[in-house]
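For reference, data26.cif is printed below; it contains mmCIF, C-alpha atoms and all ligand atoms.
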data_model
loop_
_atom_site.label_atom_id
_atom_site.label_comp_id
_atom_site.auth_asym_id
_atom_site.auth_seq_id
_atom_site.Cartn_x
_atom_site.Cartn_y
_atom_site.Cartn_z
CA MET D 1 -0.11 -72.03 78.66
CA ARG D 2 1.68 -74.84 76.76
CA VAL D 3 4.49 -74.30 74.24
CA ASP D 4 6.91 -76.82 72.73
CA VAL D 5 9.96 -74.55 72.96
CA THR D 6 10.06 -71.65 75.44
CA ILE D 7 12.89 -69.20 74.90
CA VAL D 8 13.90 -66.85 77.72
CA GLY D 9 15.35 -63.60 76.34
CA GLY D 10 14.66 -61.71 73.14
CA GLY D 11 18.19 -60.64 72.21
CA VAL D 12 20.07 -61.86 69.14
CA ALA D 13 20.35 -65.45 70.47
CA GLY D 14 16.68 -65.87 71.40
CA LEU D 15 15.30 -64.14 68.32
CA SER D 16 17.60 -66.08 65.96
CA LEU D 17 16.51 -69.35 67.56
CA ALA D 18 12.85 -68.32 67.25
CA TYR D 19 13.46 -67.51 63.58
CA PHE D 20 15.12 -70.86 62.79
CA LEU D 21 12.53 -72.87 64.75
CA SER D 22 9.46 -71.11 63.41
CA LYS D 23 10.78 -71.47 59.86
CA LYS D 24 10.71 -75.23 60.48
CA GLY D 25 7.13 -74.96 61.74
CA ILE D 26 8.08 -75.56 65.38
CA ASP D 27 5.87 -74.03 68.06
CA CYS D 28 7.94 -71.51 70.03
CA LEU D 29 7.55 -68.53 72.31
CA VAL D 30 10.13 -65.86 73.24
CA ILE D 31 9.62 -64.05 76.51
CA GLU D 32 11.50 -60.78 76.92
CA LYS D 33 11.57 -58.82 80.16
CA ASN D 34 11.88 -55.45 78.41
CA TYR D 35 8.92 -53.80 76.68
CA GLU D 36 11.08 -53.19 73.63
CA ILE D 37 13.36 -55.29 71.45
CA GLY D 38 16.95 -54.20 70.75
CA LEU D 39 17.96 -52.30 73.87
CA LYS D 40 21.31 -54.10 74.18
CA PRO D 41 24.28 -51.70 74.27
CA CYS D 42 26.58 -53.01 71.55
CA ALA D 43 29.14 -51.80 69.01
CA GLY D 44 27.30 -53.91 66.44
CA TYR D 45 30.21 -55.24 64.38
CA ILE D 46 29.09 -58.30 62.40
CA PRO D 47 30.91 -60.41 59.81
CA ARG D 48 29.46 -60.56 56.30
CA PHE D 49 28.61 -64.26 56.48
CA LEU D 50 25.63 -63.52 58.74
CA PHE D 51 23.77 -62.68 55.52
CA LYS D 52 23.44 -66.37 54.82
CA TYR D 53 21.21 -66.82 57.89
CA PHE D 54 18.63 -64.05 57.50
CA LYS D 55 18.03 -60.54 56.13
CA ILE D 56 20.20 -58.04 57.97
CA HIS D 57 18.46 -54.88 59.13
CA GLY D 58 20.02 -51.72 60.59
CA ILE D 59 23.31 -51.53 58.66
CA GLN D 60 25.01 -48.26 59.58
CA THR D 61 28.27 -48.74 57.65
CA SER D 62 30.01 -51.37 55.60
CA VAL D 63 33.69 -51.74 56.53
CA ASP D 64 36.58 -53.34 54.66
CA TYR D 65 39.51 -52.87 57.04
CA MET D 66 40.36 -53.38 60.68
CA ILE D 67 43.01 -50.88 61.77
CA THR D 68 44.98 -51.62 64.92
CA ILE D 69 46.86 -48.78 66.59
CA SER D 70 49.69 -49.73 68.93
CA PRO D 71 50.67 -47.66 72.02
CA SER D 72 53.34 -45.78 70.01
CA GLY D 73 50.75 -44.88 67.36
CA LYS D 74 51.87 -47.41 64.75
CA GLU D 75 48.97 -48.43 62.48
CA TYR D 76 48.46 -52.00 61.24
CA VAL D 77 45.87 -52.49 58.51
CA ARG D 78 44.14 -55.82 57.89
CA LYS D 79 41.46 -56.50 55.32
CA VAL D 80 38.43 -57.74 57.24
CA ARG D 81 35.03 -57.13 55.70
CA GLY D 82 31.96 -56.63 57.82
CA PHE D 83 29.17 -54.29 58.85
CA ILE D 84 28.36 -52.06 61.76
CA VAL D 85 24.70 -52.45 62.66
CA ASP D 86 22.36 -50.56 64.92
CA ARG D 87 21.28 -53.23 67.40
CA ARG D 88 17.80 -51.79 67.79
CA SER D 89 17.02 -52.25 64.09
CA PHE D 90 19.08 -55.43 63.74
CA ASP D 91 17.29 -57.27 66.58
CA ARG D 92 13.88 -55.96 65.51
CA GLY D 93 14.59 -57.18 61.99
CA ILE D 94 15.14 -60.73 63.26
CA ALA D 95 12.01 -60.45 65.45
CA ILE D 96 9.90 -59.41 62.46
CA GLN D 97 11.25 -62.27 60.33
CA ALA D 98 10.65 -64.78 63.15
CA SER D 99 7.09 -63.61 63.74
CA SER D 100 6.33 -63.79 60.02
CA TYR D 101 6.88 -67.57 60.36
CA GLY D 102 4.65 -67.78 63.44
CA ALA D 103 7.06 -67.35 66.37
CA LYS D 104 5.29 -65.83 69.38
CA LEU D 105 6.86 -62.95 71.28
CA SER D 106 5.80 -61.72 74.72
CA LEU D 107 7.28 -58.41 75.88
CA GLY D 108 7.45 -57.21 79.48
CA GLU D 109 7.51 -60.81 80.68
CA LYS D 110 10.32 -61.81 83.02
CA ALA D 111 11.35 -65.39 83.78
CA LEU D 112 11.64 -65.92 87.52
CA ASP D 113 12.23 -69.62 88.00
CA PHE D 114 11.67 -73.03 86.43
CA SER D 115 11.34 -76.67 87.43
CA ASP D 116 9.52 -79.83 86.29
CA ASN D 117 8.90 -78.45 82.79
CA ILE D 118 7.15 -75.33 84.11
CA LEU D 119 8.55 -71.83 83.69
CA ILE D 120 7.30 -69.26 86.18
CA THR D 121 7.23 -65.68 84.97
CA ASN D 122 5.95 -62.42 86.43
CA LYS D 123 2.74 -63.03 84.46
CA ARG D 124 1.93 -66.76 84.36
CA ARG D 125 3.12 -70.37 84.35
CA ILE D 126 4.26 -71.79 81.02
CA SER D 127 4.56 -75.51 80.43
CA TYR D 128 7.29 -76.46 77.96
CA LYS D 129 8.92 -79.52 76.38
CA ILE D 130 12.23 -77.66 75.91
CA LEU D 131 13.48 -74.53 77.65
CA VAL D 132 16.23 -72.40 76.12
CA GLY D 133 18.12 -69.79 78.12
CA CYS D 134 19.00 -66.85 75.86
CA ASP D 135 18.85 -64.42 78.75
CA GLY D 136 22.33 -62.96 78.54
CA VAL D 137 25.22 -62.62 80.94
CA ASN D 138 23.13 -62.71 84.14
CA SER D 139 21.05 -65.63 82.89
CA ILE D 140 18.74 -67.13 85.50
CA VAL D 141 18.49 -70.28 83.36
CA ALA D 142 22.30 -70.72 83.32
CA ARG D 143 22.58 -70.14 87.06
CA LYS D 144 20.45 -73.20 87.73
CA LEU D 145 22.55 -75.31 85.35
CA ASP D 146 26.02 -74.32 86.48
CA ASN D 147 27.32 -71.74 88.95
CA ASP D 148 31.00 -72.27 88.34
CA ILE D 149 32.27 -69.22 86.47
CA ASP D 150 35.40 -67.11 86.83
CA LYS D 151 33.93 -63.75 87.87
CA LYS D 152 37.31 -62.09 87.23
CA LEU D 153 36.53 -62.55 83.54
CA ILE D 154 33.33 -60.55 83.36
CA ALA D 155 34.06 -57.28 81.57
CA TYR D 156 32.31 -54.02 82.30
CA ALA D 157 31.86 -52.28 78.96
CA VAL D 158 31.00 -48.65 78.31
CA GLN D 159 30.13 -47.18 74.95
CA TYR D 160 29.58 -43.59 73.87
CA GLU D 161 27.88 -42.52 70.66
CA VAL D 162 29.86 -39.53 69.47
CA TYR D 163 29.06 -36.97 66.74
CA ASN D 164 30.88 -34.04 65.11
CA LEU D 165 34.02 -36.13 64.70
CA LYS D 166 36.31 -34.75 62.05
CA ASP D 167 37.68 -36.98 59.28
CA ILE D 168 36.29 -40.25 60.52
CA ASP D 169 36.98 -42.93 57.93
CA GLN D 170 33.74 -44.84 57.18
CA ASN D 171 35.49 -47.82 55.65
CA SER D 172 37.47 -49.09 58.66
CA THR D 173 37.11 -50.06 62.28
CA TYR D 174 39.80 -48.67 64.61
CA ASN D 175 41.09 -50.46 67.69
CA TYR D 176 43.45 -48.52 69.97
CA PHE D 177 45.79 -50.31 72.37
CA ASN D 178 47.21 -48.23 75.20
CA VAL D 179 47.41 -49.00 78.94
CA ASN D 180 46.49 -45.39 79.75
CA TYR D 181 43.15 -45.70 77.96
CA ALA D 182 42.21 -49.37 78.15
CA PRO D 183 44.19 -51.57 80.55
CA GLY D 184 43.62 -55.22 79.62
CA SER D 185 41.61 -54.24 76.60
CA TYR D 186 41.29 -51.81 73.68
CA VAL D 187 39.26 -48.78 72.68
CA TRP D 188 37.06 -49.34 69.65
CA VAL D 189 36.06 -46.56 67.29
CA TYR D 190 33.44 -47.86 64.88
CA PRO D 191 32.02 -45.44 62.27
CA ILE D 192 28.24 -45.14 62.04
CA GLY D 193 27.84 -42.50 59.35
CA GLU D 194 29.31 -39.13 58.49
CA ASN D 195 31.30 -37.65 61.42
CA ALA D 196 29.85 -40.19 63.87
CA ALA D 197 31.13 -43.28 65.68
CA LYS D 198 30.53 -45.65 68.56
CA ILE D 199 33.52 -45.37 70.90
CA GLY D 200 33.86 -47.84 73.73
CA LEU D 201 35.95 -50.14 75.86
CA GLY D 202 35.57 -53.09 78.21
CA ILE D 203 37.43 -53.40 81.51
CA LEU D 204 37.88 -56.37 83.84
CA PRO D 205 37.08 -54.54 87.10
CA ARG D 206 38.41 -57.33 89.33
CA VAL D 207 41.79 -57.24 87.57
CA PHE D 208 42.22 -53.56 86.62
CA LYS D 209 40.92 -51.12 89.23
CA VAL D 210 40.05 -48.20 86.94
CA ASN D 211 36.98 -46.17 86.08
CA PRO D 212 36.03 -46.98 82.45
CA PHE D 213 33.89 -43.83 82.07
CA ARG D 214 36.83 -41.61 82.99
CA LEU D 215 39.13 -43.49 80.63
CA ILE D 216 36.85 -43.28 77.63
CA GLU D 217 36.22 -39.58 78.25
CA LYS D 218 39.98 -39.02 78.46
CA PHE D 219 40.35 -40.85 75.13
CA ILE D 220 37.62 -38.76 73.48
CA ASN D 221 38.96 -35.46 74.85
CA GLU D 222 42.52 -36.22 73.77
CA ASN D 223 41.67 -37.61 70.32
CA TYR D 224 38.40 -35.99 69.27
CA LYS D 225 38.26 -32.51 70.74
CA ASP D 226 35.05 -30.56 70.08
CA SER D 227 33.01 -33.70 69.44
CA SER D 228 29.55 -34.22 70.98
CA ILE D 229 28.51 -37.21 73.05
CA ILE D 230 24.85 -38.05 72.51
CA SER D 231 24.54 -41.32 74.40
CA VAL D 232 26.34 -43.26 77.14
CA GLN D 233 25.66 -46.97 77.59
CA LYS D 234 27.04 -49.73 79.78
CA ALA D 235 26.72 -53.52 79.92
CA LEU D 236 28.61 -56.64 80.96
CA ILE D 237 30.44 -59.03 78.61
CA PRO D 238 31.26 -62.61 79.70
CA LEU D 239 34.87 -63.38 78.71
CA TYR D 240 35.35 -66.76 80.41
CA ALA D 241 34.57 -68.90 77.31
CA PHE D 242 31.84 -71.56 77.36
CA ARG D 243 30.23 -72.43 80.68
CA ASN D 244 30.96 -75.95 81.93
CA LYS D 245 27.56 -77.12 80.81
CA ILE D 246 25.40 -75.64 78.07
CA VAL D 247 22.76 -78.36 78.06
CA ASN D 248 21.15 -80.30 80.88
CA LYS D 249 18.24 -82.65 80.12
CA ASN D 250 15.73 -80.46 78.24
CA VAL D 251 17.36 -77.09 79.04
CA LEU D 252 19.83 -75.43 76.63
CA LEU D 253 21.85 -72.21 76.70
CA ILE D 254 22.69 -70.00 73.71
CA GLY D 255 24.66 -66.75 73.37
CA ASP D 256 25.93 -64.75 76.35
CA SER D 257 24.04 -67.04 78.75
CA ALA D 258 26.29 -69.87 77.48
CA SER D 259 29.21 -67.43 77.39
CA SER D 260 29.98 -67.98 73.72
CA THR D 261 31.47 -64.48 73.51
CA ASP D 262 35.10 -64.26 72.40
CA PRO D 263 37.35 -63.69 75.47
CA ILE D 264 39.66 -61.32 73.58
CA SER D 265 37.47 -59.30 71.20
CA GLY D 266 34.23 -59.51 73.21
CA ALA D 267 32.34 -60.31 70.01
CA GLY D 268 29.31 -62.54 70.54
CA ILE D 269 26.73 -61.84 67.84
CA SER D 270 27.88 -64.30 65.18
CA SER D 271 28.53 -67.13 67.66
CA ALA D 272 25.02 -66.62 69.12
CA VAL D 273 23.49 -66.92 65.63
CA MET D 274 25.58 -69.99 64.73
CA LEU D 275 24.66 -71.74 67.99
CA ALA D 276 20.99 -70.87 67.51
CA LYS D 277 21.09 -72.52 64.07
CA VAL D 278 22.72 -75.68 65.43
CA ALA D 279 20.33 -75.80 68.39
CA SER D 280 17.30 -75.42 66.09
CA GLU D 281 18.36 -78.48 64.07
CA ILE D 282 18.92 -80.60 67.19
CA ILE D 283 15.62 -79.45 68.73
CA GLN D 284 13.81 -80.37 65.50
CA LYS D 285 15.26 -83.91 65.61
CA ALA D 286 14.44 -84.29 69.30
CA LEU D 287 10.82 -83.23 68.80
CA GLU D 288 10.32 -85.29 65.62
CA ASN D 289 11.71 -88.42 67.28
CA GLU D 290 10.02 -87.64 70.62
CA ASP D 291 13.41 -88.27 72.18
CA LEU D 292 14.76 -85.41 74.30
CA GLU D 293 18.01 -87.35 74.89
CA ILE D 294 19.02 -86.12 71.41
CA LEU D 295 19.39 -82.64 72.92
CA GLN D 296 22.63 -83.73 74.60
CA LYS D 297 24.27 -83.60 71.14
CA TYR D 298 24.09 -79.80 71.34
CA GLU D 299 26.93 -79.81 73.88
CA THR D 300 29.30 -81.71 71.56
CA ILE D 301 28.35 -80.01 68.32
CA ALA D 302 28.47 -76.49 69.80
CA ARG D 303 31.91 -77.12 71.30
CA LYS D 304 33.15 -78.56 68.01
CA LEU D 305 31.87 -75.51 66.15
CA ILE D 306 33.39 -72.74 68.27
CA GLY D 307 34.88 -74.33 71.41
CA ARG D 308 38.46 -74.50 70.17
CA ARG D 309 38.45 -70.88 69.09
CA LEU D 310 37.06 -69.80 72.45
CA GLU D 311 39.66 -71.87 74.33
CA HIS D 312 42.45 -70.33 72.24
CA SER D 313 41.15 -66.82 73.00
CA LEU D 314 40.78 -67.65 76.68
CA LYS D 315 44.47 -68.66 76.85
CA LYS D 316 45.34 -65.39 75.13
CA ARG D 317 43.11 -63.53 77.61
CA TYR D 318 45.18 -64.78 80.58
CA ILE D 319 48.45 -63.96 78.82
CA ALA D 320 47.15 -60.56 77.67
CA ASN D 321 46.37 -59.41 81.21
CA GLU D 322 50.12 -59.71 81.97
CA PHE D 323 51.17 -57.61 78.97
CA TYR D 324 49.38 -54.51 80.19
CA LYS D 325 52.03 -53.75 82.83
CA SER D 326 53.35 -50.97 80.62
CA ASN D 327 52.99 -49.61 77.11
CA GLU D 328 56.49 -50.95 76.30
CA HIS D 329 55.36 -54.49 77.21
CA LEU D 330 52.17 -54.04 75.23
CA GLU D 331 53.94 -52.65 72.13
CA LYS D 332 56.34 -55.62 72.14
CA ASN D 333 53.67 -58.29 72.57
CA LEU D 334 50.62 -56.84 70.84
CA LYS D 335 50.80 -59.20 67.86
CA HIS D 336 50.41 -62.22 70.15
CA ILE D 337 47.27 -61.00 71.85
CA TRP D 338 45.15 -59.37 69.18
CA ILE D 339 43.06 -61.05 66.49
CA ALA D 340 44.32 -58.80 63.66
CA PHE D 341 47.74 -60.50 63.59
CA ASP D 342 48.83 -63.88 62.22
CA GLU D 343 50.96 -64.37 65.33
CA TYR D 344 47.76 -64.41 67.39
CA TRP D 345 46.32 -67.37 65.49
CA ARG D 346 49.45 -69.53 65.62
C1 LIG T 1 29.32 -52.48 74.77
C2 LIG T 1 29.28 -53.79 74.01
C3 LIG T 1 29.76 -53.85 72.72
C4 LIG T 1 29.70 -55.05 72.00
N1 LIG T 1 30.11 -55.06 70.70
C5 LIG T 1 30.00 -56.19 69.96
C6 LIG T 1 30.32 -56.19 68.57
O1 LIG T 1 30.70 -55.19 67.99
N2 LIG T 1 30.17 -57.38 67.89
C7 LIG T 1 29.75 -58.52 68.49
O2 LIG T 1 29.68 -59.57 67.82
N3 LIG T 1 29.43 -58.54 69.80
C8 LIG T 1 29.52 -57.41 70.55
N4 LIG T 1 29.15 -57.41 71.86
C9 LIG T 1 28.63 -58.66 72.44
C10 LIG T 1 27.18 -58.88 72.00
O3 LIG T 1 26.43 -57.71 72.24
C11 LIG T 1 26.58 -60.05 72.75
O4 LIG T 1 27.43 -61.16 72.66
C12 LIG T 1 25.20 -60.42 72.19
O5 LIG T 1 24.32 -59.33 72.29
C13 LIG T 1 24.65 -61.62 72.94
O6 LIG T 1 23.31 -61.83 72.57
P1 LIG T 1 22.35 -62.62 73.55
O7 LIG T 1 21.03 -62.67 72.85
O8 LIG T 1 22.99 -63.86 74.01
O9 LIG T 1 22.24 -61.71 74.85
P2 LIG T 1 21.61 -60.28 75.00
O10 LIG T 1 21.74 -59.49 73.77
O11 LIG T 1 22.16 -59.72 76.26
O12 LIG T 1 20.04 -60.56 75.20
C14 LIG T 1 19.52 -61.16 76.36
C15 LIG T 1 18.07 -60.77 76.45
O13 LIG T 1 17.47 -61.48 77.52
C16 LIG T 1 16.61 -60.60 78.24
N5 LIG T 1 16.47 -61.16 79.59
C17 LIG T 1 17.43 -61.25 80.54
N6 LIG T 1 16.93 -61.85 81.64
C18 LIG T 1 15.64 -62.15 81.36
C19 LIG T 1 14.60 -62.79 82.11
N7 LIG T 1 14.80 -63.24 83.36
N8 LIG T 1 13.38 -62.94 81.52
C20 LIG T 1 13.16 -62.48 80.25
N9 LIG T 1 14.11 -61.86 79.52
C21 LIG T 1 15.34 -61.71 80.06
C22 LIG T 1 17.35 -59.27 78.19
O14 LIG T 1 16.47 -58.18 78.44
C23 LIG T 1 17.90 -59.28 76.77
O15 LIG T 1 16.99 -58.72 75.84
C24 LIG T 1 29.20 -56.23 72.61
C25 LIG T 1 28.74 -56.17 73.93
C26 LIG T 1 28.76 -54.97 74.62
C27 LIG T 1 28.22 -54.91 76.03
#
Encoded form using structure tokens:
Amino acid sequence: MRVDVTIVGGGVAGLSLAYFLSKKGIDCLVIEKNYEIGLKPCAGYIPRFLFKYFKIHGIQTSVDYMITISPSGKEYVRKVRGFIVDRRSFDRGIAIQASSYGAKLSLGEKALDFSDNILITNKRRISYKILVGCDGVNSIVARKLDNDIDKKLIAYAVQYEVYNLKDIDQNSTYNYFNVNYAPGSYVWVYPIGENAAKIGLGILPRVFKVNPFRLIEKFINENYKDSSIISVQKALIPLYAFRNKIVNKNVLLIGDSASSTDPISGAGISSAVMLAKVASEIIQKALENEDLEILQKYETIARKLIGRRLEHSLKKRYIANEFYKSNEHLEKNLKHIWIAFDEYWR
């Protein structure tokens, strides 16, 4: 089989790229190893500006405030408007929009290896002009481009969907900072409808030797007694900021495979969409001019777009790990290590 652009991975990065490319009339195929779209465990917080890219499906709540709770229980309120989405519906929504413009999607197809413009999958050999790795944190495409990552900065995240919560405010996201619940990190409580929320945390297992499941259950028992857990999910989050190389010849990386996730908040949806948009424009130029050298521009433009912010967060990540020695340390320094405070951005 021959395709101009083969995309490995049908998560938010791969599907967004397929949407932008197919809208331009570019021949593209997404291969996804799962038999279903949207299985990614995720809290699903997205900023409002994502509306400018495509129709947003799966909105669970619309939030206006981010509330930060310090170890002593002090609440800091910041106006930050966004949505909580259900990733299953959100990702499917992008897939449907992409396929309406002609993007091809193959489910249950796993990329195994690639070389000399041929991708080998569990089903066939696909010949491509451009290959894009959107295959997440354990990307096989990225591994062949660059092995040099700081494994200490891969977070292990757990998330519980919890019901029968009393008085859960639907208009705000809550982020709890406390070394006894989330060393090196925070517990998020994101409302998803009446009396329900996604509650989760991410731990750096090579830095903090704790069991995240036990911690989150302790948090739920102590703060939301008599609630009901209806799902438990886990996944990795890359917090090391951009890989050394996100393009090599005719191979590009987008999203978690490129590690465009924020090293402090762990948010990666909006950066994946923004990078997919940029990549689609560069791919269009490269194909129109029959000059794949143009693809190298992706490295510079992507870094210009979000590289500085990721570098800033990465510096904060290293500092933050030190502040979790005790709740006193954390209380004193919280404003320097969390995105809700002006001190963080200085
Ligand atoms: C618990 C948790 C909570 C989060 N909360 C938020 C949040 O609130 N807001 C936010 O912005 N970000 C959040 N994130 C981060 C966000 O989920 C990711 O940054 C985002 O999903 C990255 O999208 P992606 O498409 O790059 O990767 P993924 O969503 O991981 O998609 C990769 C896809 O590639 C497929 N794949 C992998 N290998 C292969 C292969 N060899 N062949 C074929 N297919 C393959 C996978 O099955 C998967 O579908 C959270 C992450 C976690 C784990």
List as a PyMOL selection string the protein and nucleic acid residues lying within 7 Å of ligand LIG 1 (chain T), with only C-alpha atoms and all ligand atoms counted. chain D and resi 8-14+31-34+37-46+109-112+134-140+157-159+200+234-237+254-257+261+266-270+272
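Distances to Lys285 in chain D were evaluated for D:Arg346, D:Lys24, D:Arg303, D:His312 using all atoms listed in the file, and the minimum falls at D:Lys24.
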Residues near range 69-85 of chain D, cut-off 7 Å, only C-alpha atoms, skip fewer than 2 positions along chain, as a ChimeraX atom specification: /D:44-48,58-67,87,90,175-178,192,327,331,340
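Using all atoms listed in the file for every distance, the candidate list D:Ala98, D:Ala182, D:Leu253, D:Val210 yields D:Ala182 as the residue closest to Leu330 in chain D.
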Using all atoms listed in the file, find all polymer residues with an atom at most 8 Å away from the point (33.9, -45.3, 72.5); report them as a PyMOL selection string. chain D and resi 158-162+187-189+197-201+216+220
Selected residues written out, C-alpha atoms, as a PDB file, in the coordinates of the input:
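Generated output (again_8.pdb):
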ATOM      1  CA  VAL D 158      31.000 -48.650  78.310  1.00  0.00           C
ATOM      2  CA  GLN D 159      30.130 -47.180  74.950  1.00  0.00           C
ATOM      3  CA  TYR D 160      29.580 -43.590  73.870  1.00  0.00           C
ATOM      4  CA  GLU D 161      27.880 -42.520  70.660  1.00  0.00           C
ATOM      5  CA  VAL D 162      29.860 -39.530  69.470  1.00  0.00           C
ATOM      6  CA  VAL D 187      39.260 -48.780  72.680  1.00  0.00           C
ATOM      7  CA  TRP D 188      37.060 -49.340  69.650  1.00  0.00           C
ATOM      8  CA  VAL D 189      36.060 -46.560  67.290  1.00  0.00           C
ATOM      9  CA  ALA D 197      31.130 -43.280  65.680  1.00  0.00           C
ATOM     10  CA  LYS D 198      30.530 -45.650  68.560  1.00  0.00           C
ATOM     11  CA  ILE D 199      33.520 -45.370  70.900  1.00  0.00           C
ATOM     12  CA  GLY D 200      33.860 -47.840  73.730  1.00  0.00           C
ATOM     13  CA  LEU D 201      35.950 -50.140  75.860  1.00  0.00           C
ATOM     14  CA  ILE D 216      36.850 -43.280  77.630  1.00  0.00           C
ATOM     15  CA  ILE D 220      37.620 -38.760  73.480  1.00  0.00           C
TER      16      ILE D 220
END
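Interatomic distance, CA of Val141 in chain D to CA of Tyr35 in chain D: 20.2 Å.
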Can you pull out the residues contacting Leu119 in chain D? Cut-off 12 Å, using only C-alpha atoms, and skip same-chain residues under 4 positions away; I want them as a PyMOL selection string. chain D and resi 1-3+5-8+29+31+109-115+123-133+140-141+251
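Omitting Ile56 in chain D and its sequence neighbours fewer than 5 positions away, and counting only C-alpha atoms, the residues within 8 Å are Leu50, Phe51, Phe90, Gly93 and Ile94 of chain D.
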In file coordinates, which residues lie within 12 Å of (15.5, -63.3, 56.8) using all atoms listed in the file, given as a ChimeraX atom specification? /D:15-16,18-20,22-23,50-57,90-101
For the atom pair CA of Leu145 in chain D and CA of Glu293 in chain D, what is the interatomic distance in Å to one decimal place?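 Here the two named atoms are 16.6 Å from each other.
Taking CA of Ile306 in chain D and CA of Val278 in chain D as endpoints, the distance between them is 11.4 Å.
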Once 6 Å is added on each side, what centre and edge lengths in Å to one decimal does the axis-aligned box around all listed atoms of range 42-60 of chain D have, as JSON?
{"center_x": 24.5, "center_y": -57.5, "center_z": 63.2, "size_x": 24.9, "size_y": 30.6, "size_z": 28.7}
Of the residues D:Ile168, D:Leu17, D:Ile26, D:Ile230, which is the one nearest to Leu287 in chain D, using all atoms listed in the file?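 Once distances to Leu287 in chain D are computed over all atoms listed in the file, the minimum belongs to D:Ile26.
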Between D:Ile319, D:Met274, D:Leu21, D:Ala241, which has the minimum distance to Phe49 in chain D (counting only C-alpha atoms)?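 Ranked by minimum distance to Phe49 in chain D, first place goes to D:Met274.
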